[in-house]
$ cat protein24.txt   # compact mmCIF, C-alpha atoms
# COMPACT_ATOMS: atom_id res chain seq x y z
CA MET A 1 3.10 -91.68 -7.35
CA ALA A 2 6.18 -89.91 -6.15
CA GLU A 3 7.68 -93.33 -6.55
CA LEU A 4 6.44 -96.19 -8.66
CA VAL A 5 7.66 -99.66 -7.74
CA ARG A 6 7.13 -102.74 -9.86
CA GLU A 7 8.51 -106.22 -9.27
CA ILE A 8 8.43 -109.33 -11.37
CA LEU A 9 9.89 -112.79 -10.82
CA ILE A 10 11.68 -114.13 -13.85
CA ASP A 11 12.74 -117.71 -14.34
CA ALA A 12 16.20 -116.79 -15.57
CA THR A 13 19.52 -115.83 -14.02
CA PRO A 14 20.77 -112.25 -13.69
CA GLU A 15 23.42 -113.19 -16.23
CA THR A 16 20.72 -113.94 -18.78
CA ILE A 17 18.57 -110.93 -17.93
CA TRP A 18 21.33 -108.32 -17.84
CA PRO A 19 21.87 -107.93 -21.61
CA PHE A 20 18.17 -107.21 -22.02
CA LEU A 21 18.68 -104.08 -19.96
CA VAL A 22 21.79 -102.67 -21.60
CA GLU A 23 22.19 -104.16 -25.09
CA PRO A 24 20.04 -102.39 -27.71
CA GLU A 25 19.26 -105.53 -29.69
CA GLN A 26 17.99 -107.41 -26.66
CA HIS A 27 16.28 -104.35 -25.23
CA LEU A 28 14.11 -104.14 -28.34
CA GLN A 29 12.80 -107.62 -27.61
CA TRP A 30 10.84 -106.20 -24.70
CA MET A 31 10.63 -102.46 -25.10
CA GLY A 32 10.99 -100.02 -27.95
CA THR A 33 11.27 -100.09 -31.69
CA GLU A 34 14.58 -98.24 -31.66
CA ALA A 35 17.10 -98.14 -28.84
CA GLU A 36 20.33 -96.29 -28.30
CA LEU A 37 22.08 -97.40 -25.14
CA ASP A 38 25.52 -96.53 -23.87
CA PRO A 39 25.56 -98.24 -20.48
CA ARG A 40 28.16 -96.29 -18.54
CA PRO A 41 27.77 -93.24 -16.31
CA GLY A 42 26.87 -90.32 -18.54
CA GLY A 43 26.06 -92.60 -21.46
CA VAL A 44 22.90 -92.08 -23.45
CA TYR A 45 19.63 -93.91 -22.83
CA ARG A 46 17.13 -93.44 -25.63
CA VAL A 47 14.27 -95.79 -26.39
CA LEU A 48 11.60 -95.07 -28.97
CA VAL A 49 8.28 -96.76 -28.39
CA HIS A 50 6.20 -97.32 -31.53
CA GLY A 51 8.79 -95.32 -33.44
CA GLU A 52 7.88 -92.23 -31.42
CA ASN A 53 7.43 -91.24 -27.78
CA PRO A 54 11.15 -91.14 -27.13
CA GLY A 55 11.98 -92.11 -23.56
CA VAL A 56 15.22 -90.29 -23.00
CA GLY A 57 17.85 -89.92 -20.30
CA GLU A 58 21.33 -90.99 -19.41
CA PHE A 59 22.89 -93.77 -17.43
CA VAL A 60 23.97 -92.85 -13.92
CA GLU A 61 25.03 -96.13 -12.37
CA VAL A 62 25.75 -99.44 -14.05
CA VAL A 63 26.65 -102.50 -11.97
CA PRO A 64 26.65 -105.51 -14.31
CA GLN A 65 24.10 -108.14 -13.37
CA GLU A 66 23.07 -106.21 -10.28
CA LYS A 67 21.55 -102.91 -11.15
CA VAL A 68 21.23 -100.11 -13.60
CA LEU A 69 20.13 -96.57 -12.85
CA PHE A 70 19.28 -94.03 -15.49
CA THR A 71 17.53 -90.70 -15.73
CA PHE A 72 14.32 -90.80 -17.68
CA GLY A 73 11.65 -88.67 -19.28
CA TRP A 74 9.91 -88.08 -22.55
CA ASP A 75 11.47 -86.02 -25.31
CA ILE A 76 8.17 -84.38 -26.23
CA PRO A 77 7.51 -80.63 -25.98
CA GLU A 78 5.59 -79.70 -22.83
CA HIS A 79 5.46 -83.25 -21.58
CA PRO A 80 4.93 -83.23 -17.81
CA ILE A 81 7.85 -85.62 -17.42
CA PRO A 82 10.57 -84.08 -19.60
CA ALA A 83 13.62 -85.95 -20.82
CA GLY A 84 15.97 -86.91 -18.01
CA SER A 85 13.74 -85.48 -15.30
CA THR A 86 13.09 -88.61 -13.27
CA THR A 87 15.18 -91.67 -12.43
CA VAL A 88 14.56 -95.33 -13.02
CA GLU A 89 16.44 -98.02 -11.16
CA ILE A 90 16.22 -101.63 -12.24
CA SER A 91 17.84 -104.10 -9.88
CA LEU A 92 18.25 -107.88 -10.10
CA HIS A 93 17.91 -110.05 -7.01
CA PRO A 94 18.74 -113.76 -7.39
CA GLU A 95 16.23 -116.10 -5.78
CA GLY A 96 17.43 -119.65 -6.33
CA GLU A 97 17.49 -120.16 -10.07
CA LYS A 98 15.12 -117.29 -10.59
CA THR A 99 15.58 -113.57 -10.35
CA LEU A 100 13.40 -110.92 -8.82
CA VAL A 101 13.50 -107.82 -11.00
CA ARG A 102 12.61 -104.64 -9.19
CA LEU A 103 11.93 -101.39 -11.01
CA VAL A 104 11.68 -98.14 -9.09
CA HIS A 105 10.71 -95.00 -10.98
CA ARG A 106 11.53 -92.12 -8.70
CA GLY A 107 10.97 -88.52 -8.32
CA LEU A 108 10.49 -85.41 -10.21
CA PRO A 109 12.78 -82.57 -11.08
CA ASP A 110 13.37 -80.15 -8.23
CA ASP A 111 11.90 -77.29 -10.17
CA ALA A 112 8.62 -79.16 -10.50
CA VAL A 113 8.52 -80.22 -6.88
CA SER A 114 9.48 -76.85 -5.46
CA ASP A 115 6.93 -75.16 -7.69
CA HIS A 116 4.80 -73.10 -5.32
CA THR A 117 1.61 -74.62 -6.63
CA GLY A 118 2.63 -77.85 -4.95
CA GLY A 119 4.20 -79.57 -7.87
CA TRP A 120 3.70 -82.66 -9.85
CA ASP A 121 4.88 -84.88 -7.03
CA HIS A 122 2.20 -83.76 -4.67
CA PHE A 123 -0.36 -83.88 -7.44
CA LEU A 124 0.47 -87.41 -8.45
CA ASP A 125 0.24 -88.67 -4.89
CA ARG A 126 -3.30 -87.45 -4.83
CA LEU A 127 -3.90 -88.83 -8.27
CA ALA A 128 -2.72 -92.24 -7.13
CA THR A 129 -5.02 -92.18 -4.14
CA ALA A 130 -8.00 -91.23 -6.22
CA ALA A 131 -7.21 -93.71 -8.97
CA THR A 132 -7.19 -96.59 -6.53
CA GLY A 133 -10.60 -95.68 -5.25
CA GLY A 134 -9.63 -93.54 -2.28
CA ASP A 135 -10.59 -89.98 -1.62
CA PRO A 136 -7.52 -87.74 -1.51
CA GLY A 137 -9.52 -85.36 0.66
CA PRO A 138 -9.43 -81.63 0.52
CA ASP A 139 -6.13 -80.37 -0.69
CA VAL A 140 -4.82 -78.48 2.30
CA ARG A 141 -1.22 -77.48 2.00
CA MET B 1 -4.46 -89.02 -23.14
CA ASP B 2 -1.98 -86.91 -25.04
CA ALA B 3 -4.21 -83.89 -24.55
CA ALA B 4 -4.33 -84.59 -20.82
CA LEU B 5 -0.55 -84.80 -20.54
CA LYS B 6 -0.12 -81.57 -22.44
CA ALA B 7 -2.79 -79.79 -20.43
CA LEU B 8 -1.04 -80.81 -17.23
CA ALA B 9 2.33 -79.50 -18.38
CA GLU B 10 1.23 -75.99 -17.39
CA PRO B 11 1.75 -75.43 -13.63
CA ARG B 12 -1.21 -73.08 -13.36
CA ARG B 13 -3.50 -75.68 -14.84
CA ARG B 14 -2.27 -78.23 -12.34
CA ALA B 15 -3.04 -75.73 -9.59
CA ILE B 16 -6.54 -75.22 -10.96
CA LEU B 17 -7.07 -78.93 -11.19
CA LYS B 18 -6.11 -79.35 -7.55
CA LEU B 19 -8.58 -76.68 -6.53
CA VAL B 20 -11.45 -78.57 -8.11
CA TRP B 21 -10.18 -82.02 -7.19
CA SER B 22 -12.68 -82.72 -4.48
CA GLN B 23 -15.10 -79.81 -4.78
CA GLU B 24 -17.05 -78.21 -7.53
CA LEU B 25 -16.26 -74.51 -7.91
CA PRO B 26 -17.58 -71.67 -10.03
CA ALA B 27 -15.18 -70.03 -12.44
CA THR B 28 -15.31 -66.78 -10.49
CA GLU B 29 -14.12 -68.47 -7.33
CA ILE B 30 -11.34 -70.26 -9.16
CA ALA B 31 -10.19 -66.98 -10.67
CA ALA B 32 -10.27 -65.33 -7.26
CA GLN B 33 -7.59 -67.78 -6.08
CA PHE B 34 -5.15 -66.43 -8.63
CA GLY B 35 -4.80 -62.73 -7.99
CA ASP B 36 -1.91 -62.45 -10.42
CA VAL B 37 -3.74 -63.96 -13.38
CA SER B 38 -6.38 -62.28 -15.49
CA ARG B 39 -9.89 -63.63 -15.61
CA PRO B 40 -9.68 -64.40 -19.37
CA ALA B 41 -6.45 -66.30 -18.79
CA ILE B 42 -8.18 -68.46 -16.19
CA SER B 43 -11.07 -69.05 -18.58
CA GLN B 44 -8.57 -70.12 -21.19
CA HIS B 45 -6.92 -72.58 -18.78
CA LEU B 46 -10.33 -73.98 -17.86
CA ALA B 47 -11.15 -74.42 -21.54
CA VAL B 48 -7.94 -76.40 -22.08
CA LEU B 49 -8.63 -78.58 -19.05
CA LYS B 50 -12.15 -79.17 -20.25
CA GLU B 51 -10.98 -79.98 -23.77
CA ALA B 52 -8.59 -82.55 -22.32
CA GLU B 53 -11.47 -83.96 -20.27
CA LEU B 54 -9.58 -83.33 -17.07
CA VAL B 55 -12.46 -81.28 -15.71
CA THR B 56 -16.18 -81.28 -16.32
CA GLU B 57 -18.26 -78.14 -16.67
CA ARG B 58 -21.79 -77.66 -15.44
CA ARG B 59 -24.00 -74.64 -15.93
CA ASP B 60 -26.10 -73.27 -13.15
CA GLY B 61 -27.96 -70.22 -14.41
CA THR B 62 -25.25 -67.86 -15.57
CA ARG B 63 -22.57 -69.57 -13.54
CA ARG B 64 -20.19 -72.21 -14.84
CA LEU B 65 -19.08 -74.78 -12.31
CA TYR B 66 -16.04 -76.98 -12.64
CA ARG B 67 -14.74 -80.11 -11.01
CA ALA B 68 -12.07 -82.71 -11.74
CA ASN B 69 -12.99 -85.63 -13.93
CA PRO B 70 -11.81 -88.71 -12.01
CA GLN B 71 -12.00 -90.94 -15.04
CA THR B 72 -9.37 -89.11 -17.04
CA MET B 73 -7.18 -88.82 -13.96
CA ALA B 74 -7.38 -92.58 -13.53
CA GLU B 75 -6.46 -93.06 -17.18
CA LEU B 76 -3.39 -90.90 -16.81
CA ARG B 77 -2.30 -92.87 -13.79
CA ALA B 78 -2.92 -96.10 -15.68
CA PHE B 79 -0.88 -94.90 -18.63
CA LEU B 80 2.17 -94.27 -16.45
CA ASP B 81 1.71 -97.57 -14.65
CA ASP B 82 1.22 -99.60 -17.75
CA TYR B 83 4.36 -98.32 -19.38
CA TRP B 84 6.49 -100.26 -16.91
CA THR B 85 4.18 -103.08 -15.94
CA SER B 86 3.67 -104.30 -19.49
CA GLY B 87 7.34 -103.63 -20.19
CA LEU B 88 8.44 -105.91 -17.37
CA GLU B 89 6.09 -108.64 -18.51
CA ARG B 90 7.66 -108.56 -21.93
CA LEU B 91 11.11 -108.53 -20.33
CA ARG B 92 10.17 -111.67 -18.43
CA ASP B 93 9.00 -113.44 -21.59
CA ALA B 94 12.10 -112.49 -23.56
CA ALA B 95 14.53 -113.36 -20.76
CA GLU B 96 12.86 -116.69 -20.01
CA ALA B 97 13.00 -117.63 -23.68
CA ALA B 98 16.72 -116.81 -23.67
CA GLU B 99 17.23 -118.80 -20.48
CA ASP B 100 15.45 -121.79 -22.04
CA ARG B 101 17.77 -121.73 -24.99
CA LYS B 102 20.79 -121.66 -22.68
CA ARG B 103 19.54 -124.56 -20.59
CA LYS B 104 18.92 -126.63 -23.70
CA THR B 105 22.48 -126.17 -24.96
CA PRO B 106 24.48 -127.00 -21.81
CA ASN B 107 27.85 -127.31 -23.56
CA LYS B 108 27.81 -123.61 -24.26
CA GLN B 109 28.96 -121.82 -21.07
CA THR B 110 25.95 -122.82 -19.00
CA PRO B 111 25.36 -120.67 -15.99
CA THR B 112 25.41 -122.77 -12.85
CA LYS B 113 22.93 -122.31 -10.03
CA GLN B 114 24.39 -119.04 -8.91
CA ALA B 115 25.03 -116.28 -11.31
CA PRO B 116 28.52 -114.84 -11.01
CA LYS B 117 28.29 -112.13 -8.46
CA LYS B 118 30.63 -109.39 -9.45
CA GLY B 119 32.09 -107.94 -12.54
CA GLU B 120 32.34 -111.10 -14.63
CA LYS B 121 31.64 -110.62 -18.27
$ encode --input "protein24.txt" --output "structure tokens"
Amino acid sequence: MAELVREILIDATPETIWPFLVEPEQHLQWMGTEAELDPRPGGVYRVLVHGENPGVGEFVEVVPQEKVLFTFGWDIPEHPIPAGSTTVEISLHPEGEKTLVRLVHRGLPDDAVSDHTGGWDHFLDRLATAATGGDPGPDVR
Amino acid sequence: MDAALKALAEPRRRAILKLVWSQELPATEIAAQFGDVSRPAISQHLAVLKEAELVTERRDGTRRLYRANPQTMAELRAFLDDYWTSGLERLRDAAEAAEDRKRKTPNKQTPTKQAPKKGEK
């Protein structure tokens, strides 16, 4: 899972969907119990799920009604995905009166990937293979 | 699940886990792969992995054999997946409800077929 991609077709226009991504009040309608969002490059992204598990990062790219890109991780000591260590891109693609929403959760911090043990990236790829019923095979690097 | 995430935060433990991913290995052989780490330290890492149910332990005489526990690995994967999948489903429900309200009150700046493409507020 070096990269996780999820898509969903929503019967709403990008104009309607957009505020749900960047306005705290609307964001809480689908994710989080507290949200602090400052949707501009360098602005804070902080969403608490169940009042804890803070998903934390900062906005990198904000193109209204088209896409938003922010860094992401968990603000929990020793969490394998630390705050701001990965990126999440959510893009909106109009399809008639509907909108395809694509979410891509990418990557891992360089220090994790370049780790001589192979890194989280490599590990998760194997994890993904095994989780879907495949055999990742012997781990030959 | 929390225990699994914490156990995996340690690079050495991830390395150990990879070693026993598709083969069962005795503790001695695992330790032999890490020349720079003491035997007790490896035992400690194995204990944490076992506690988190990331590996299973089997005794064979005096030897202890370890291998990855695919079930916990699958749960971890599922946790990461679910975070976004269920999130997007809730986004869909919330956005469609908002869209419904807009369509039912057409006098209030109804969006036409195409959403404005660039930069419009």
$ residues_around --input "protein24.txt" --residues "Gly55 of chain A" --least-positions-apart "5" --cutoff "8 Å" --atoms "all atoms listed in the file" --output "PDB file with C-alpha atoms, in the frame of the given file"
ATOM      1  CA  TYR A  45      19.630 -93.910 -22.830  1.00  0.00           C
ATOM      2  CA  ARG A  46      17.130 -93.440 -25.630  1.00  0.00           C
ATOM      3  CA  VAL A  47      14.270 -95.790 -26.390  1.00  0.00           C
ATOM      4  CA  LEU A  48      11.600 -95.070 -28.970  1.00  0.00           C
ATOM      5  CA  VAL A  49       8.280 -96.760 -28.390  1.00  0.00           C
ATOM      6  CA  PHE A  72      14.320 -90.800 -17.680  1.00  0.00           C
ATOM      7  CA  GLY A  73      11.650 -88.670 -19.280  1.00  0.00           C
ATOM      8  CA  TRP A  74       9.910 -88.080 -22.550  1.00  0.00           C
ATOM      9  CA  ASP A  75      11.470 -86.020 -25.310  1.00  0.00           C
ATOM     10  CA  ALA A  83      13.620 -85.950 -20.820  1.00  0.00           C
TER      11      ALA A  83
END
$ residues_around --input "protein24.txt" --residues "Thr62 of chain B" --least-positions-apart "4" --cutoff "12 Å" --atoms "all atoms listed in the file" --output "PDB file with C-alpha atoms, in the coordinates of the input"
ATOM      1  CA  PRO B  26     -17.580 -71.670 -10.030  1.00  0.00           C
ATOM      2  CA  ALA B  27     -15.180 -70.030 -12.440  1.00  0.00           C
ATOM      3  CA  THR B  28     -15.310 -66.780 -10.490  1.00  0.00           C
ATOM      4  CA  ARG B  58     -21.790 -77.660 -15.440  1.00  0.00           C
TER       5      ARG B  58
END
$ residues_around --input "protein24.txt" --residues "Ala94 of chain B" --least-positions-apart "2" --cutoff "12 Å" --atoms "all atoms listed in the file" --output "mmCIF file with C-alpha atoms, keeping the file's coordinate frame"
data_model
loop_
_atom_site.group_PDB
_atom_site.id
_atom_site.type_symbol
_atom_site.label_atom_id
_atom_site.label_comp_id
_atom_site.auth_asym_id
_atom_site.auth_seq_id
_atom_site.Cartn_x
_atom_site.Cartn_y
_atom_site.Cartn_z
ATOM 1 C CA ILE A 10 11.680 -114.130 -13.850
ATOM 2 C CA ASP A 11 12.740 -117.710 -14.340
ATOM 3 C CA ALA A 12 16.200 -116.790 -15.570
ATOM 4 C CA THR A 16 20.720 -113.940 -18.780
ATOM 5 C CA ILE A 17 18.570 -110.930 -17.930
ATOM 6 C CA TRP A 18 21.330 -108.320 -17.840
ATOM 7 C CA PRO A 19 21.870 -107.930 -21.610
ATOM 8 C CA PHE A 20 18.170 -107.210 -22.020
ATOM 9 C CA LEU A 21 18.680 -104.080 -19.960
ATOM 10 C CA GLU A 25 19.260 -105.530 -29.690
ATOM 11 C CA GLN A 26 17.990 -107.410 -26.660
ATOM 12 C CA HIS A 27 16.280 -104.350 -25.230
ATOM 13 C CA LEU A 28 14.110 -104.140 -28.340
ATOM 14 C CA GLN A 29 12.800 -107.620 -27.610
ATOM 15 C CA TRP A 30 10.840 -106.200 -24.700
ATOM 16 C CA MET A 31 10.630 -102.460 -25.100
ATOM 17 C CA GLY B 87 7.340 -103.630 -20.190
ATOM 18 C CA LEU B 88 8.440 -105.910 -17.370
ATOM 19 C CA GLU B 89 6.090 -108.640 -18.510
ATOM 20 C CA ARG B 90 7.660 -108.560 -21.930
ATOM 21 C CA LEU B 91 11.110 -108.530 -20.330
ATOM 22 C CA ARG B 92 10.170 -111.670 -18.430
ATOM 23 C CA GLU B 96 12.860 -116.690 -20.010
ATOM 24 C CA ALA B 97 13.000 -117.630 -23.680
ATOM 25 C CA ALA B 98 16.720 -116.810 -23.670
ATOM 26 C CA GLU B 99 17.230 -118.800 -20.480
ATOM 27 C CA ASP B 100 15.450 -121.790 -22.040
ATOM 28 C CA ARG B 101 17.770 -121.730 -24.990
#
$ closest_residue --input "protein24.txt" --among "B:Leu46, B:Ala3, B:Ala9, B:Ile16" --to "chain A" --atoms "all atoms listed in the file"
B:Ala9
$ atom_distance --input "protein24.txt" --atom1 "atom CA of Gln23 of chain B" --atom2 "atom CA of Ala68 of chain B"
8.1 Å
$ residues_around --input "protein24.txt" --residues "segment 86-97 of chain A" --least-positions-apart "6" --cutoff "7 Å" --atoms "only C-alpha atoms" --output "list in words"
Asp11, Ala12, Thr13, Pro14, Gln65, Glu66, Lys67, Val68, Leu69, Phe70, Thr71, Phe72, Gly73, Leu103, Val104, His105, Arg106, Gly107, Leu108 and Pro109 of chain A; Lys113 of chain B
$ atom_distance --input "protein24.txt" --atom1 "atom CA of Leu8 of chain B" --atom2 "atom CA of Val20 of chain B"
14.0 Å
$ closest_residue --input "protein24.txt" --among "A:Glu58, A:Ile76, A:Glu36, A:Ile81" --to "Pro24 of chain A" --atoms "all atoms listed in the file"
A:Glu36
$ atom_distance --input "protein24.txt" --atom1 "atom CA of Glu15 of chain A" --atom2 "atom CA of Val62 of chain A"
14.1 Å
$ axis_aligned_box --input "protein24.txt" --around "segment 63-68 of chain A" --padding-each-side "4 Å" --output "lines of an AutoDock Vina configuration file"
center_x = 23.9
center_y = -104.1
center_z = -12.3
size_x = 13.4
size_y = 16.0
size_z = 12.0
$ closest_residue --input "protein24.txt" --among "B:Ser22, B:Leu17, B:Glu53, B:Ser43" --to "chain A" --atoms "all atoms listed in the file"
B:Ser22
$ residues_around --input "protein24.txt" --residues "Glu57 of chain B" --least-positions-apart "6" --cutoff "10 Å" --atoms "only C-alpha atoms" --output "short mmCIF file (atom, residue, chain, number, x, y, z; two decimals) with C-alpha atoms, in the coordinates of the input"
data_model
loop_
_atom_site.label_atom_id
_atom_site.label_comp_id
_atom_site.auth_asym_id
_atom_site.auth_seq_id
_atom_site.Cartn_x
_atom_site.Cartn_y
_atom_site.Cartn_z
CA GLU B 24 -17.05 -78.21 -7.53
CA LEU B 25 -16.26 -74.51 -7.91
CA PRO B 26 -17.58 -71.67 -10.03
CA ALA B 27 -15.18 -70.03 -12.44
CA LEU B 46 -10.33 -73.98 -17.86
CA ALA B 47 -11.15 -74.42 -21.54
CA LEU B 49 -8.63 -78.58 -19.05
CA LYS B 50 -12.15 -79.17 -20.25
CA ARG B 64 -20.19 -72.21 -14.84
CA LEU B 65 -19.08 -74.78 -12.31
CA TYR B 66 -16.04 -76.98 -12.64
CA ARG B 67 -14.74 -80.11 -11.01
CA ALA B 68 -12.07 -82.71 -11.74
CA ASN B 69 -12.99 -85.63 -13.93
#
$ build_atoms --input "protein24.txt" --residues "segment 80-98 of chain A" --atoms "N, CA and C atoms" --output "PDB file, in the frame of the given file"
ATOM      1  N   PRO A  80       4.768 -83.473 -19.248  1.00  0.00           N
ATOM      2  CA  PRO A  80       4.930 -83.230 -17.810  1.00  0.00           C
ATOM      3  C   PRO A  80       6.142 -83.954 -17.206  1.00  0.00           C
ATOM      4  N   ILE A  81       6.641 -84.953 -17.902  1.00  0.00           N
ATOM      5  CA  ILE A  81       7.850 -85.620 -17.420  1.00  0.00           C
ATOM      6  C   ILE A  81       8.899 -85.453 -18.522  1.00  0.00           C
ATOM      7  N   PRO A  82       9.610 -84.327 -18.516  1.00  0.00           N
ATOM      8  CA  PRO A  82      10.570 -84.080 -19.600  1.00  0.00           C
ATOM      9  C   PRO A  82      11.771 -85.000 -19.557  1.00  0.00           C
ATOM     10  N   ALA A  83      12.458 -85.065 -20.687  1.00  0.00           N
ATOM     11  CA  ALA A  83      13.620 -85.950 -20.820  1.00  0.00           C
ATOM     12  C   ALA A  83      14.568 -85.794 -19.630  1.00  0.00           C
ATOM     13  N   GLY A  84      14.964 -86.925 -19.071  1.00  0.00           N
ATOM     14  CA  GLY A  84      15.970 -86.910 -18.010  1.00  0.00           C
ATOM     15  C   GLY A  84      15.497 -86.397 -16.664  1.00  0.00           C
ATOM     16  N   SER A  85      14.197 -86.160 -16.511  1.00  0.00           N
ATOM     17  CA  SER A  85      13.740 -85.480 -15.300  1.00  0.00           C
ATOM     18  C   SER A  85      13.458 -86.403 -14.120  1.00  0.00           C
ATOM     19  N   THR A  86      13.337 -87.683 -14.365  1.00  0.00           N
ATOM     20  CA  THR A  86      13.090 -88.610 -13.270  1.00  0.00           C
ATOM     21  C   THR A  86      14.153 -89.702 -13.334  1.00  0.00           C
ATOM     22  N   THR A  87      14.205 -90.579 -12.341  1.00  0.00           N
ATOM     23  CA  THR A  87      15.180 -91.670 -12.430  1.00  0.00           C
ATOM     24  C   THR A  87      14.475 -93.017 -12.354  1.00  0.00           C
ATOM     25  N   VAL A  88      15.071 -93.960 -13.040  1.00  0.00           N
ATOM     26  CA  VAL A  88      14.560 -95.330 -13.020  1.00  0.00           C
ATOM     27  C   VAL A  88      15.704 -96.238 -12.602  1.00  0.00           C
ATOM     28  N   GLU A  89      15.446 -97.050 -11.601  1.00  0.00           N
ATOM     29  CA  GLU A  89      16.440 -98.020 -11.160  1.00  0.00           C
ATOM     30  C   GLU A  89      15.878 -99.410 -11.371  1.00  0.00           C
ATOM     31  N   ILE A  90      16.629-100.235 -12.063  1.00  0.00           N
ATOM     32  CA  ILE A  90      16.220-101.630 -12.240  1.00  0.00           C
ATOM     33  C   ILE A  90      17.273-102.481 -11.577  1.00  0.00           C
ATOM     34  N   SER A  91      16.875-103.273 -10.583  1.00  0.00           N
ATOM     35  CA  SER A  91      17.840-104.100  -9.880  1.00  0.00           C
ATOM     36  C   SER A  91      17.444-105.573  -9.967  1.00  0.00           C
ATOM     37  N   LEU A  92      18.457-106.439  -9.946  1.00  0.00           N
ATOM     38  CA  LEU A  92      18.250-107.880 -10.100  1.00  0.00           C
ATOM     39  C   LEU A  92      18.627-108.579  -8.799  1.00  0.00           C
ATOM     40  N   HIS A  93      17.698-109.371  -8.285  1.00  0.00           N
ATOM     41  CA  HIS A  93      17.910-110.050  -7.010  1.00  0.00           C
ATOM     42  C   HIS A  93      17.738-111.556  -7.197  1.00  0.00           C
ATOM     43  N   PRO A  94      18.851-112.311  -7.174  1.00  0.00           N
ATOM     44  CA  PRO A  94      18.740-113.760  -7.390  1.00  0.00           C
ATOM     45  C   PRO A  94      17.904-114.418  -6.297  1.00  0.00           C
ATOM     46  N   GLU A  95      17.018-115.303  -6.727  1.00  0.00           N
ATOM     47  CA  GLU A  95      16.230-116.100  -5.780  1.00  0.00           C
ATOM     48  C   GLU A  95      16.273-117.524  -6.293  1.00  0.00           C
ATOM     49  N   GLY A  96      17.240-118.307  -5.791  1.00  0.00           N
ATOM     50  CA  GLY A  96      17.430-119.650  -6.330  1.00  0.00           C
ATOM     51  C   GLY A  96      17.862-119.538  -7.776  1.00  0.00           C
ATOM     52  N   GLU A  97      17.137-120.233  -8.647  1.00  0.00           N
ATOM     53  CA  GLU A  97      17.490-120.160 -10.070  1.00  0.00           C
ATOM     54  C   GLU A  97      16.719-119.041 -10.771  1.00  0.00           C
ATOM     55  N   LYS A  98      15.891-118.381 -10.010  1.00  0.00           N
ATOM     56  CA  LYS A  98      15.120-117.290 -10.590  1.00  0.00           C
ATOM     57  C   LYS A  98      15.696-115.939 -10.153  1.00  0.00           C
TER      58      LYS A  98
END
